[in-house]
file model_32.tsv (TSV, C-alpha atoms and all ligand atoms)
chain	number	residue	atom	x	y	z
P	1	MET	CA	142.42	128.28	101.50
P	2	ASN	CA	141.02	131.65	102.47
P	3	ARG	CA	140.06	132.43	106.07
P	4	ILE	CA	136.74	134.09	106.87
P	5	LEU	CA	137.28	136.93	109.32
P	6	GLU	CA	133.70	138.22	109.58
P	7	ASN	CA	130.22	136.94	108.73
P	8	GLU	CA	127.59	139.52	109.59
P	9	VAL	CA	123.86	139.54	108.75
P	10	LEU	CA	123.06	142.79	106.90
P	11	ALA	CA	119.41	142.13	106.09
P	12	GLU	CA	117.07	139.18	105.70
P	13	LYS	CA	119.09	136.44	103.92
P	14	ILE	CA	121.86	138.89	103.06
P	15	ASN	CA	125.29	138.46	104.73
P	16	ARG	CA	128.51	140.41	104.56
P	17	TYR	CA	131.71	138.36	104.60
P	18	VAL	CA	135.22	139.68	105.15
P	19	ILE	CA	137.73	137.21	103.75
P	20	GLU	CA	141.53	137.03	103.74
P	21	ALA	CA	142.71	137.36	100.12
P	22	PRO	CA	145.74	139.72	100.12
P	23	LYS	CA	146.67	139.50	96.43
P	24	ILE	CA	143.08	140.03	95.27
P	25	ALA	CA	142.65	142.94	97.69
P	26	GLN	CA	145.65	144.68	96.13
P	27	ARG	CA	144.67	144.20	92.49
P	28	ARG	CA	140.88	144.39	92.35
P	29	LYS	CA	139.10	147.23	90.60
P	30	ALA	CA	135.42	148.30	90.68
P	31	GLY	CA	133.22	145.86	88.76
P	32	GLN	CA	135.42	142.77	89.22
P	33	PHE	CA	134.42	139.54	90.90
P	34	VAL	CA	135.81	136.34	92.41
P	35	ILE	CA	134.77	132.71	92.02
P	36	ILE	CA	134.67	130.81	95.29
P	37	ARG	CA	134.34	127.19	96.37
P	38	ILE	CA	133.42	126.32	99.94
P	39	ASP	CA	134.82	122.78	99.88
P	40	GLU	CA	136.00	120.11	97.46
P	41	ARG	CA	132.42	118.96	96.81
P	42	GLY	CA	131.19	122.53	96.35
P	43	GLU	CA	130.17	124.28	93.14
P	44	ARG	CA	132.01	127.34	91.91
P	45	ILE	CA	129.98	130.54	92.31
P	46	PRO	CA	130.82	134.08	91.16
P	47	LEU	CA	130.52	136.94	93.65
P	48	THR	CA	131.34	140.62	93.14
P	49	ILE	CA	134.11	142.13	95.25
P	50	ALA	CA	132.00	144.66	97.14
P	51	ASP	CA	135.00	146.21	98.89
P	52	ALA	CA	138.65	145.54	99.67
P	53	ASP	CA	141.25	146.61	102.20
P	54	PRO	CA	144.74	146.20	100.66
P	55	GLU	CA	146.45	147.00	103.97
P	56	GLN	CA	144.55	144.35	105.91
P	57	GLY	CA	144.66	142.00	102.90
P	58	THR	CA	140.92	141.42	102.92
P	59	ILE	CA	138.02	141.52	100.49
P	60	THR	CA	134.34	141.97	101.31
P	61	LEU	CA	131.59	139.94	99.67
P	62	ILE	CA	127.89	140.69	100.15
P	63	VAL	CA	125.83	137.63	99.41
P	64	GLN	CA	122.13	136.87	99.22
P	65	ALA	CA	121.21	133.32	100.21
P	66	VAL	CA	119.21	132.08	97.22
P	67	GLY	CA	120.21	128.41	96.93
P	68	LYS	CA	122.59	125.67	98.02
P	69	THR	CA	125.98	127.35	98.10
P	70	THR	CA	124.89	130.80	99.21
P	71	THR	CA	122.86	129.26	102.08
P	72	GLN	CA	125.78	127.01	103.04
P	73	MET	CA	127.94	130.15	103.25
P	74	THR	CA	125.66	131.62	105.94
P	75	LEU	CA	126.63	128.69	108.21
P	76	LEU	CA	130.34	129.54	108.07
P	77	LYS	CA	131.86	131.23	111.08
P	78	PRO	CA	134.83	133.57	111.54
P	79	GLY	CA	137.88	131.30	111.56
P	80	ASP	CA	136.39	128.89	109.01
P	81	TYR	CA	137.96	128.66	105.55
P	82	LEU	CA	136.75	128.77	101.95
P	83	LEU	CA	138.56	126.15	99.87
P	84	ASP	CA	139.46	128.68	97.20
P	85	VAL	CA	138.83	132.23	96.07
P	86	VAL	CA	139.93	132.95	92.49
P	87	GLY	CA	140.22	136.47	91.18
P	88	PRO	CA	139.98	139.29	90.51
P	89	LEU	CA	138.04	138.17	87.42
P	90	GLY	CA	136.22	140.10	84.71
P	91	ALA	CA	137.00	143.43	83.12
P	92	PRO	CA	136.91	146.40	85.50
P	93	THR	CA	134.03	148.86	85.01
P	94	HIS	CA	134.95	151.64	82.58
P	95	ILE	CA	135.10	154.79	84.70
P	96	GLU	CA	135.55	158.32	83.38
P	97	ARG	CA	134.34	161.82	84.12
P	98	PHE	CA	130.91	161.69	82.46
P	99	GLY	CA	129.39	164.67	84.30
P	100	THR	CA	126.24	163.49	86.07
P	101	ALA	CA	126.18	159.73	86.55
P	102	VAL	CA	123.18	157.86	87.91
P	103	VAL	CA	123.87	154.52	89.61
P	104	VAL	CA	120.84	152.26	89.92
P	105	GLY	CA	121.10	149.30	92.31
P	106	GLY	CA	118.29	146.83	92.85
P	107	GLY	CA	118.16	144.24	95.66
P	108	ILE	CA	121.52	142.48	96.09
P	109	GLY	CA	122.67	144.53	93.06
P	110	ILE	CA	123.28	147.38	95.52
P	111	ALA	CA	126.44	145.51	96.65
P	112	PRO	CA	128.16	145.62	93.24
P	113	ALA	CA	126.76	149.13	92.65
P	114	HIS	CA	128.61	150.51	95.69
P	115	PRO	CA	132.23	150.28	94.42
P	116	ILE	CA	131.05	151.66	91.07
P	117	ALA	CA	129.44	154.68	92.73
P	118	GLN	CA	132.68	155.17	94.72
P	119	ALA	CA	134.82	155.03	91.55
P	120	LEU	CA	132.51	157.40	89.64
P	121	LYS	CA	132.65	159.88	92.52
P	122	ALA	CA	136.44	159.61	92.73
P	123	ALA	CA	136.62	160.40	88.98
P	124	GLY	CA	134.85	163.71	89.60
P	125	ASN	CA	131.27	162.88	88.60
P	126	THR	CA	128.13	164.13	90.29
P	127	VAL	CA	126.72	160.82	91.47
P	128	ILE	CA	123.01	160.25	91.98
P	129	THR	CA	122.13	156.84	93.35
P	130	ILE	CA	118.78	155.12	93.11
P	131	LEU	CA	118.37	152.17	95.48
P	132	GLY	CA	115.51	149.72	95.10
P	133	ALA	CA	114.38	146.94	97.41
P	134	ARG	CA	111.18	144.93	97.76
P	135	SER	CA	110.82	146.14	101.34
P	136	LYS	CA	112.69	148.23	103.95
P	137	ASN	CA	114.11	145.14	105.70
P	138	LEU	CA	115.83	144.08	102.45
P	139	LEU	CA	117.55	147.40	101.80
P	140	ILE	CA	121.34	147.32	102.20
P	141	LEU	CA	124.25	149.83	102.18
P	142	GLU	CA	122.09	152.96	102.34
P	143	GLU	CA	124.52	154.79	104.65
P	144	GLU	CA	127.55	153.79	102.57
P	145	MET	CA	125.82	155.00	99.40
P	146	ARG	CA	124.91	158.32	101.06
P	147	ARG	CA	128.60	158.83	101.88
P	148	THR	CA	129.61	158.41	98.25
P	149	SER	CA	126.68	160.03	96.40
P	150	ASP	CA	125.50	163.62	95.92
P	151	GLU	CA	121.90	162.45	96.13
P	152	VAL	CA	120.30	159.14	97.10
P	153	ILE	CA	116.77	158.14	96.16
P	154	VAL	CA	115.35	155.07	97.88
P	155	CYS	CA	112.35	153.15	96.58
P	156	THR	CA	110.59	150.11	97.94
P	157	ASP	CA	108.04	148.01	96.08
P	158	ASP	CA	105.70	147.98	99.10
P	159	GLY	CA	106.23	151.62	100.14
P	160	SER	CA	107.64	150.62	103.56
P	161	TYR	CA	110.54	153.10	103.11
P	162	GLY	CA	111.35	155.90	100.67
P	163	MET	CA	109.15	156.34	97.64
P	164	LYS	CA	106.72	153.54	96.78
P	165	GLY	CA	107.48	152.08	93.40
P	166	LEU	CA	110.19	150.72	91.15
P	167	VAL	CA	113.61	152.17	90.39
P	168	THR	CA	112.40	152.88	86.84
P	169	HIS	CA	109.71	155.22	88.28
P	170	ALA	CA	112.38	157.02	90.32
P	171	LEU	CA	114.64	157.31	87.27
P	172	ALA	CA	111.79	158.68	85.11
P	173	ASP	CA	110.97	161.24	87.86
P	174	LEU	CA	114.64	162.20	88.10
P	175	ILE	CA	114.91	162.78	84.34
P	176	ALA	CA	111.72	164.89	84.44
P	177	ARG	CA	113.05	166.92	87.42
P	178	ARG	CA	116.75	167.39	86.52
P	179	GLY	CA	116.96	166.62	82.82
P	180	LYS	CA	118.95	163.83	81.22
P	181	PRO	CA	121.99	162.57	83.14
P	182	ASP	CA	125.17	161.91	81.12
P	183	PHE	CA	125.48	158.26	82.06
P	184	VAL	CA	123.51	155.50	83.81
P	185	PHE	CA	124.91	152.34	85.39
P	186	ALA	CA	122.38	149.69	86.46
P	187	VAL	CA	122.90	146.46	88.37
P	188	GLY	CA	120.27	144.18	89.86
P	189	PRO	CA	117.68	141.64	88.75
P	190	VAL	CA	117.64	141.12	84.98
P	191	PRO	CA	114.09	142.51	84.47
P	192	MET	CA	115.14	145.66	86.33
P	193	MET	CA	118.20	146.16	84.10
P	194	LYS	CA	116.06	145.50	81.03
P	195	TYR	CA	113.46	148.15	81.92
P	196	VAL	CA	116.08	150.70	83.01
P	197	SER	CA	117.80	150.18	79.63
P	198	LEU	CA	114.53	150.55	77.71
P	199	LEU	CA	113.83	153.82	79.51
P	200	THR	CA	117.31	155.26	78.96
P	201	LYS	CA	117.27	154.16	75.31
P	202	GLU	CA	114.11	156.26	74.82
P	203	HIS	CA	116.01	159.25	76.21
P	204	GLY	CA	119.30	158.49	74.46
P	205	ILE	CA	121.29	158.13	77.72
P	206	PRO	CA	124.41	155.90	77.51
P	207	THR	CA	123.81	152.97	79.87
P	208	MET	CA	125.96	150.13	81.15
P	209	VAL	CA	124.61	147.10	83.00
P	210	SER	CA	126.42	144.38	84.96
P	211	LEU	CA	125.23	140.95	83.84
P	212	ASN	CA	124.97	137.88	86.08
P	213	PRO	CA	124.66	134.77	83.88
P	214	ILE	CA	125.57	131.33	85.19
P	215	MET	CA	129.36	131.05	85.32
P	216	ILE	CA	131.53	128.00	85.78
P	217	ASP	CA	135.23	128.53	85.06
P	218	GLY	CA	135.26	132.33	84.79
P	219	THR	CA	138.06	132.26	82.22
P	220	GLY	CA	136.25	132.23	78.86
P	221	MET	CA	136.72	128.45	78.35
P	222	CYS	CA	133.38	126.78	79.17
P	223	GLY	CA	130.88	129.04	77.40
P	224	GLY	CA	128.46	128.85	80.36
P	225	CYS	CA	128.20	132.62	80.69
P	226	ARG	CA	127.51	133.42	77.04
P	227	VAL	CA	125.22	136.37	76.39
P	228	THR	CA	124.11	138.07	73.20
P	229	VAL	CA	125.09	141.72	72.93
P	230	GLY	CA	124.45	143.69	69.74
P	231	GLY	CA	123.63	140.39	67.98
P	232	GLU	CA	127.06	138.90	68.85
P	233	MET	CA	127.96	136.20	71.34
P	234	ARG	CA	130.05	137.47	74.24
P	235	PHE	CA	131.36	135.75	77.39
P	236	ALA	CA	130.37	137.77	80.45
P	237	CYS	CA	133.28	136.44	82.54
P	238	VAL	CA	136.00	137.88	80.30
P	239	ASP	CA	134.24	140.39	77.98
P	240	GLY	CA	132.07	141.70	80.84
P	241	PRO	CA	130.33	141.53	83.24
P	242	ASP	CA	129.52	145.12	82.09
P	243	PHE	CA	127.85	145.65	78.72
P	244	ASP	CA	125.94	148.34	76.86
P	245	GLY	CA	122.39	147.93	78.20
P	246	HIS	CA	120.88	149.06	74.91
P	247	GLN	CA	122.49	146.10	73.11
P	248	VAL	CA	121.86	143.22	75.55
P	249	ASP	CA	119.37	140.44	74.79
P	250	PHE	CA	117.86	140.36	78.30
P	251	ASP	CA	115.12	137.84	77.41
P	252	GLU	CA	117.70	135.25	76.36
P	253	LEU	CA	119.67	135.90	79.58
P	254	MET	CA	116.55	135.28	81.70
P	255	LYS	CA	115.90	131.97	79.91
P	256	ARG	CA	119.52	130.83	80.34
P	257	GLN	CA	119.52	131.76	84.06
P	258	ALA	CA	116.50	129.47	84.64
P	259	PHE	CA	118.04	126.53	82.72
P	260	TYR	CA	119.12	124.48	85.80
P	261	LYS	CA	116.20	125.35	88.14
P	262	GLU	CA	115.27	121.71	88.80
P	263	GLN	CA	118.85	120.60	89.52
P	264	GLU	CA	119.30	123.66	91.76
P	265	ARG	CA	116.12	122.78	93.69
P	266	ILE	CA	117.29	119.18	94.22
P	267	ALA	CA	120.78	120.30	95.35
P	268	PHE	CA	119.21	122.78	97.80
P	269	GLU	CA	116.84	120.13	99.28
P	270	ARG	CA	119.74	117.68	99.72
P	271	MET	CA	121.85	120.33	101.43
P	272	LEU	CA	118.98	121.15	103.82
P	273	GLU	CA	118.51	117.46	104.66
P	274	ARG	CA	122.22	117.07	105.37
P	275	CYS	CA	122.32	120.21	107.52
P	276	ARG	CA	119.26	119.14	109.52
P	277	ALA	CA	120.77	115.68	110.08
P	278	GLU	CA	123.96	117.32	111.37
P	279	GLY	CA	121.95	119.77	113.54
P	280	LEU	CA	123.33	122.78	111.66
P	281	LEU	CA	119.96	124.35	110.86
P	282	GLN	CA	117.38	125.30	113.46
P	283	ALA	CA	115.00	127.29	111.26
P	284	ASP	CA	114.04	126.35	107.70
P	285	PRO	CA	115.78	128.88	105.41
P	286	SER	CA	113.74	127.96	102.30
Q	301	LIG	C1	129.60	138.29	87.87
Q	301	LIG	C2	128.61	137.90	88.94
Q	301	LIG	C3	128.64	138.54	90.16
Q	301	LIG	C4	127.74	138.17	91.15
Q	301	LIG	N1	127.82	138.81	92.35
Q	301	LIG	C5	126.98	138.48	93.34
Q	301	LIG	C6	127.09	139.12	94.61
Q	301	LIG	O1	127.94	140.00	94.84
Q	301	LIG	N2	126.22	138.75	95.58
Q	301	LIG	C7	125.29	137.76	95.37
Q	301	LIG	O2	124.54	137.47	96.30
Q	301	LIG	N3	125.17	137.13	94.20
Q	301	LIG	C8	126.00	137.45	93.18
Q	301	LIG	N4	125.92	136.79	91.97
Q	301	LIG	C9	124.94	135.70	91.84
Q	301	LIG	C10	125.46	134.42	92.54
Q	301	LIG	O3	126.58	133.93	91.82
Q	301	LIG	C11	124.36	133.34	92.59
Q	301	LIG	O4	123.32	133.81	93.40
Q	301	LIG	C12	124.90	132.02	93.14
Q	301	LIG	O5	125.74	131.41	92.19
Q	301	LIG	C13	123.76	131.10	93.50
Q	301	LIG	O6	124.28	129.84	93.90
Q	301	LIG	P1	123.47	128.89	94.89
Q	301	LIG	O7	124.10	127.56	94.85
Q	301	LIG	O8	123.29	129.49	96.21
Q	301	LIG	O9	122.01	128.88	94.26
Q	301	LIG	P2	121.41	127.97	93.11
Q	301	LIG	O10	120.13	127.40	93.60
Q	301	LIG	O11	122.45	127.07	92.55
Q	301	LIG	O12	121.09	129.07	92.04
Q	301	LIG	C14	120.13	130.10	92.24
Q	301	LIG	C15	120.20	131.03	91.02
Q	301	LIG	O13	121.48	131.67	91.02
Q	301	LIG	C16	122.03	131.70	89.69
Q	301	LIG	N5	123.26	130.85	89.68
Q	301	LIG	C17	123.41	129.57	90.07
Q	301	LIG	N6	124.65	129.12	89.89
Q	301	LIG	C18	125.33	130.14	89.35
Q	301	LIG	C19	126.66	130.32	88.91
Q	301	LIG	N7	127.59	129.35	88.98
Q	301	LIG	N8	126.99	131.50	88.37
Q	301	LIG	C20	126.10	132.52	88.31
Q	301	LIG	N9	124.83	132.43	88.71
Q	301	LIG	C21	124.45	131.26	89.21
Q	301	LIG	C22	120.99	131.12	88.78
Q	301	LIG	O14	120.21	132.18	88.26
Q	301	LIG	C23	120.15	130.27	89.67
Q	301	LIG	O15	118.84	130.09	89.21
Q	301	LIG	C24	126.78	137.15	90.93
Q	301	LIG	C25	126.73	136.51	89.69
Q	301	LIG	C26	127.64	136.88	88.69
Q	301	LIG	C27	127.61	136.18	87.36
Q	302	LIG	S1	132.18	131.16	82.90
Q	302	LIG	FE1	132.99	129.83	81.42
Q	302	LIG	S2	133.20	131.06	79.67
Q	302	LIG	FE2	132.53	132.41	81.19
call {"tool": "encode", "arguments": {"input": "model_32.tsv", "output": "structure tokens"}}
result
Amino acid sequence: MNRILENEVLAEKINRYVIEAPKIAQRRKAGQFVIIRIDERGERIPLTIADADPEQGTITLIVQAVGKTTTQMTLLKPGDYLLDVVGPLGAPTHIERFGTAVVVGGGIGIAPAHPIAQALKAAGNTVITILGARSKNLLILEEEMRRTSDEVIVCTDDGSYGMKGLVTHALADLIARRGKPDFVFAVGPVPMMKYVSLLTKEHGIPTMVSLNPIMIDGTGMCGGCRVTVGGEMRFACVDGPDFDGHQVDFDELMKRQAFYKEQERIAFERMLERCRAEGLLQADPS
């Protein structure tokens, strides 16, 4: 059992949780994740370790409420417990001194991008961060990213903050203005990672992406997280989640992510009904 110490709303449907997990806090590296279960009837969901404090024995998770389990998490209060938190899982992000490294984070992908930007900076890179959100009210961790980056470019789809447009536009502008960076790391929605990778491939810029397929056991046993990279089957939970963006079959990943949509919808509806019956939900979060 892992105690929740903080549950704070960061932006619309995005919460930051600080959770007691001393052993994970000591061992985690940038790019790794945990798999949590809220209770014995709960599903196992993977979440990136956005930050950790080894002295306090805590990890931070930043979670967007998109379905049953992530919405159920928003109802938990400091003092409540998660049934289990397993980790750190996955291979740490490969960090070296590349020179100029661009970190692209889209939507909730900004949460996993933050420790990677921190690690790249600590390794002596010039770090330029591009943050993308649909709208200003959905943008997270801007201040934290400014602290760790040499330059931050913010874009919103609707132009409510920063430049209007997609992160790919900002990256193309950056390449035109400063020349080719030495390395790009992208994390966010699959279409975003696909188009960032297509752009960097055109320019011959080495690019890593952090993939988010459906995961179940997180140990390479179930095959749920299989992805095709360079024509070969890989398991994102043990071989990744980071892969060469120029080699990933993003279209297959998108299809596999949508595989359980109907079951997910039914599970979400049932959870809402139960929460309403128990008086746990005032507003409709759907
Ligand atoms: C390595 C990794 C790191 C992740 N880190 C974060 C993070 O830091 N913050 C965050 O908000 N989200 C993160 N995710 C995504 C998160 O796991 C899903 O949003 C969550 O599982 C959705 O569960 P749900 O029951 O709320 O929604 P559901 O309605 O069950 O699912 C909504 C969508 O989430 C995806 N999903 C569902 N179940 C899983 C699963 N077991 N594994 C992976 N994806 C699933 C599917 O695309 C699905 O269509 C990460 C995913 C991976 C693989
Ligand atoms: S989650 Fe089961 S093999 Fe990766």
call {"tool": "atom_distance", "arguments": {"input": "model_32.tsv", "atom1": "CA of Arg37 (chain P)", "atom2": "CA of Lys261 (chain P)"}}
result
20.0 Å
call {"tool": "residues_near_ligand", "arguments": {"input": "model_32.tsv", "ligand": "ligand LIG 302 (chain Q)", "cutoff": "8 Å", "atoms": "only C-alpha atoms and all ligand atoms", "output": "list of chain:residue names"}}
result
P:Ile214, P:Met215, P:Ile216, P:Asp217, P:Gly218, P:Thr219, P:Gly220, P:Met221, P:Cys222, P:Gly223, P:Gly224, P:Cys225, P:Arg226, P:Phe235, P:Ala236, P:Cys237, P:Val238
call {"tool": "write_last_selection", "arguments": {"input": "model_32.tsv", "atoms": "C-alpha atoms", "output": "compact mmCIF listing (two decimals), in the coordinates of the input"}}
result
# COMPACT_ATOMS: atom_id res chain seq x y z
CA ILE P 214 125.57 131.33 85.19
CA MET P 215 129.36 131.05 85.32
CA ILE P 216 131.53 128.00 85.78
CA ASP P 217 135.23 128.53 85.06
CA GLY P 218 135.26 132.33 84.79
CA THR P 219 138.06 132.26 82.22
CA GLY P 220 136.25 132.23 78.86
CA MET P 221 136.72 128.45 78.35
CA CYS P 222 133.38 126.78 79.17
CA GLY P 223 130.88 129.04 77.40
CA GLY P 224 128.46 128.85 80.36
CA CYS P 225 128.20 132.62 80.69
CA ARG P 226 127.51 133.42 77.04
CA PHE P 235 131.36 135.75 77.39
CA ALA P 236 130.37 137.77 80.45
CA CYS P 237 133.28 136.44 82.54
CA VAL P 238 136.00 137.88 80.30
call {"tool": "atom_distance", "arguments": {"input": "model_32.tsv", "atom1": "CA of Thr156 (chain P)", "atom2": "CA of Ala50 (chain P)"}}
result
22.1 Å
call {"tool": "closest_residue", "arguments": {"input": "model_32.tsv", "among": "P:Ile38, P:Leu166, P:Leu174, P:Val229", "to": "ligand LIG 301 (chain Q)", "atoms": "all atoms listed in the file"}}
result
P:Ile38
call {"tool": "axis_aligned_box", "arguments": {"input": "model_32.tsv", "around": "region 192-211 of chain P", "padding_each_side": "4 Å", "output": "AutoDock Vina command-line options"}}
result
--center_x 119.9 --center_y 150.1 --center_z 80.4 --size_x 21.0 --size_y 26.3 --size_z 19.9
call {"tool": "residues_around", "arguments": {"input": "model_32.tsv", "residues": "Pro88 (chain P)", "least_positions_apart": "2", "cutoff": "9 Å", "atoms": "all atoms listed in the file", "output": "MDAnalysis selection string"}}
result
chainID P and resid 23:25 27:29 32:35 49 86 90:91
call {"tool": "atom_distance", "arguments": {"input": "model_32.tsv", "atom1": "CA of Leu83 (chain P)", "atom2": "CA of Met1 (chain P)"}}
result
4.7 Å
call {"tool": "residues_near_ligand", "arguments": {"input": "model_32.tsv", "ligand": "ligand LIG 301 (chain Q)", "cutoff": "7 Å", "atoms": "all atoms listed in the file", "output": "MDAnalysis selection string"}}
result
chainID P and resid 33 44:50 61:71 108 111:112 211:216 237 241 257:258 260:261 264:265 268
call {"tool": "closest_residue", "arguments": {"input": "model_32.tsv", "among": "P:Thr126, P:Ile153, P:His203, P:Gly31", "to": "Gly240 (chain P)", "atoms": "all atoms listed in the file"}}
result
P:Gly31
call {"tool": "closest_residue", "arguments": {"input": "model_32.tsv", "among": "P:Glu43, P:Glu144, P:Asp51, P:Asp239", "to": "Arg16 (chain P)", "atoms": "all atoms listed in the file"}}
result
P:Asp51
call {"tool": "residues_near_point", "arguments": {"input": "model_32.tsv", "point": "(129.6, 163.7, 87.4)", "cutoff": "6 Å", "atoms": "all atoms listed in the file", "output": "list in words"}}
result
Phe98, Gly99, Thr100, Ala101, Gly124, Asn125, Thr126 and Val127 of chain P
call {"tool": "closest_residue", "arguments": {"input": "model_32.tsv", "among": "P:Lys77, P:Arg134, P:His246, P:Arg97", "to": "Met193 (chain P)", "atoms": "only C-alpha atoms"}}
result
P:His246
call {"tool": "residues_around", "arguments": {"input": "model_32.tsv", "residues": "Ser197 (chain P)", "least_positions_apart": "4", "cutoff": "12 Å", "atoms": "only C-alpha atoms", "output": "JSON, numbers by chain"}}
result
{"P": [104, 167, 168, 171, 172, 183, 184, 185, 186, 187, 190, 191, 192, 193, 201, 202, 203, 204, 205, 206, 207, 208, 209, 210, 243, 244, 245, 246, 247, 248, 249, 250]}
call {"tool": "residues_near_point", "arguments": {"input": "model_32.tsv", "point": "(136.8, 122.3, 101.5)", "cutoff": "12 Å", "atoms": "all atoms listed in the file", "output": "PDB file with C-alpha atoms, in the frame of the given file"}}
result
ATOM      1  CA  MET P   1     142.420 128.280 101.500  1.00  0.00           C
ATOM      2  CA  ASN P   2     141.020 131.650 102.470  1.00  0.00           C
ATOM      3  CA  ARG P   3     140.060 132.430 106.070  1.00  0.00           C
ATOM      4  CA  ILE P  36     134.670 130.810  95.290  1.00  0.00           C
ATOM      5  CA  ARG P  37     134.340 127.190  96.370  1.00  0.00           C
ATOM      6  CA  ILE P  38     133.420 126.320  99.940  1.00  0.00           C
ATOM      7  CA  ASP P  39     134.820 122.780  99.880  1.00  0.00           C
ATOM      8  CA  GLU P  40     136.000 120.110  97.460  1.00  0.00           C
ATOM      9  CA  ARG P  41     132.420 118.960  96.810  1.00  0.00           C
ATOM     10  CA  GLY P  42     131.190 122.530  96.350  1.00  0.00           C
ATOM     11  CA  GLU P  43     130.170 124.280  93.140  1.00  0.00           C
ATOM     12  CA  ARG P  44     132.010 127.340  91.910  1.00  0.00           C
ATOM     13  CA  MET P  73     127.940 130.150 103.250  1.00  0.00           C
ATOM     14  CA  LEU P  76     130.340 129.540 108.070  1.00  0.00           C
ATOM     15  CA  ASP P  80     136.390 128.890 109.010  1.00  0.00           C
ATOM     16  CA  TYR P  81     137.960 128.660 105.550  1.00  0.00           C
ATOM     17  CA  LEU P  82     136.750 128.770 101.950  1.00  0.00           C
ATOM     18  CA  LEU P  83     138.560 126.150  99.870  1.00  0.00           C
ATOM     19  CA  ASP P  84     139.460 128.680  97.200  1.00  0.00           C
ATOM     20  CA  VAL P  85     138.830 132.230  96.070  1.00  0.00           C
TER      21      VAL P  85
END
call {"tool": "closest_residue", "arguments": {"input": "model_32.tsv", "among": "P:Thr228, P:Thr60, P:Thr129, P:Thr74", "to": "Arg146 (chain P)", "atoms": "only C-alpha atoms"}}
result
P:Thr129
call {"tool": "decode", "arguments": {"input": "model_32.tsv", "residues": "region 198-243 of chain P", "atoms": "C-alpha atoms", "output": "compact mmCIF listing (two decimals), in the first residue's frame"}}
result
# COMPACT_ATOMS: atom_id res chain seq x y z
CA LEU P 198 8.81 12.73 -40.01
CA LEU P 199 10.13 16.29 -39.82
CA THR P 200 13.40 15.35 -38.10
CA LYS P 201 13.91 12.43 -40.51
CA GLU P 202 13.79 14.93 -43.40
CA HIS P 203 16.56 16.89 -41.67
CA GLY P 204 18.55 13.86 -40.53
CA ILE P 205 18.25 14.71 -36.80
CA PRO P 206 18.50 11.72 -34.40
CA THR P 207 15.16 11.48 -32.60
CA MET P 208 13.87 9.43 -29.69
CA VAL P 209 10.20 9.16 -28.74
CA SER P 210 8.54 7.74 -25.61
CA LEU P 211 5.76 5.34 -26.58
CA ASN P 212 2.55 4.79 -24.60
CA PRO P 213 0.92 1.55 -25.78
CA ILE P 214 -1.54 -0.33 -23.60
CA MET P 215 0.39 -2.14 -20.86
CA ILE P 216 -0.74 -4.83 -18.49
CA ASP P 217 2.04 -6.58 -16.57
CA GLY P 218 4.93 -4.25 -17.45
CA THR P 219 7.44 -7.10 -17.34
CA GLY P 220 7.60 -8.35 -20.95
CA MET P 221 5.31 -11.36 -20.28
CA CYS P 222 1.86 -10.47 -21.67
CA GLY P 223 2.71 -8.93 -25.05
CA GLY P 224 0.08 -6.18 -24.57
CA CYS P 225 2.55 -3.38 -25.22
CA ARG P 226 4.08 -4.75 -28.42
CA VAL P 227 5.14 -2.18 -30.99
CA THR P 228 6.91 -2.50 -34.32
CA VAL P 229 10.24 -0.70 -34.52
CA GLY P 230 12.47 -1.05 -37.59
CA GLY P 231 10.23 -3.92 -38.77
CA GLU P 232 10.81 -5.90 -35.54
CA MET P 233 8.45 -6.58 -32.66
CA ARG P 234 9.52 -4.92 -29.42
CA PHE P 235 7.88 -4.73 -25.98
CA ALA P 236 7.66 -1.11 -24.87
CA CYS P 237 7.61 -2.02 -21.16
CA VAL P 238 11.05 -3.64 -21.16
CA ASP P 239 12.71 -2.61 -24.47
CA GLY P 240 11.36 0.96 -24.16
CA PRO P 241 9.36 3.07 -23.63
CA ASP P 242 11.92 5.11 -25.66
CA PHE P 243 12.58 4.16 -29.28
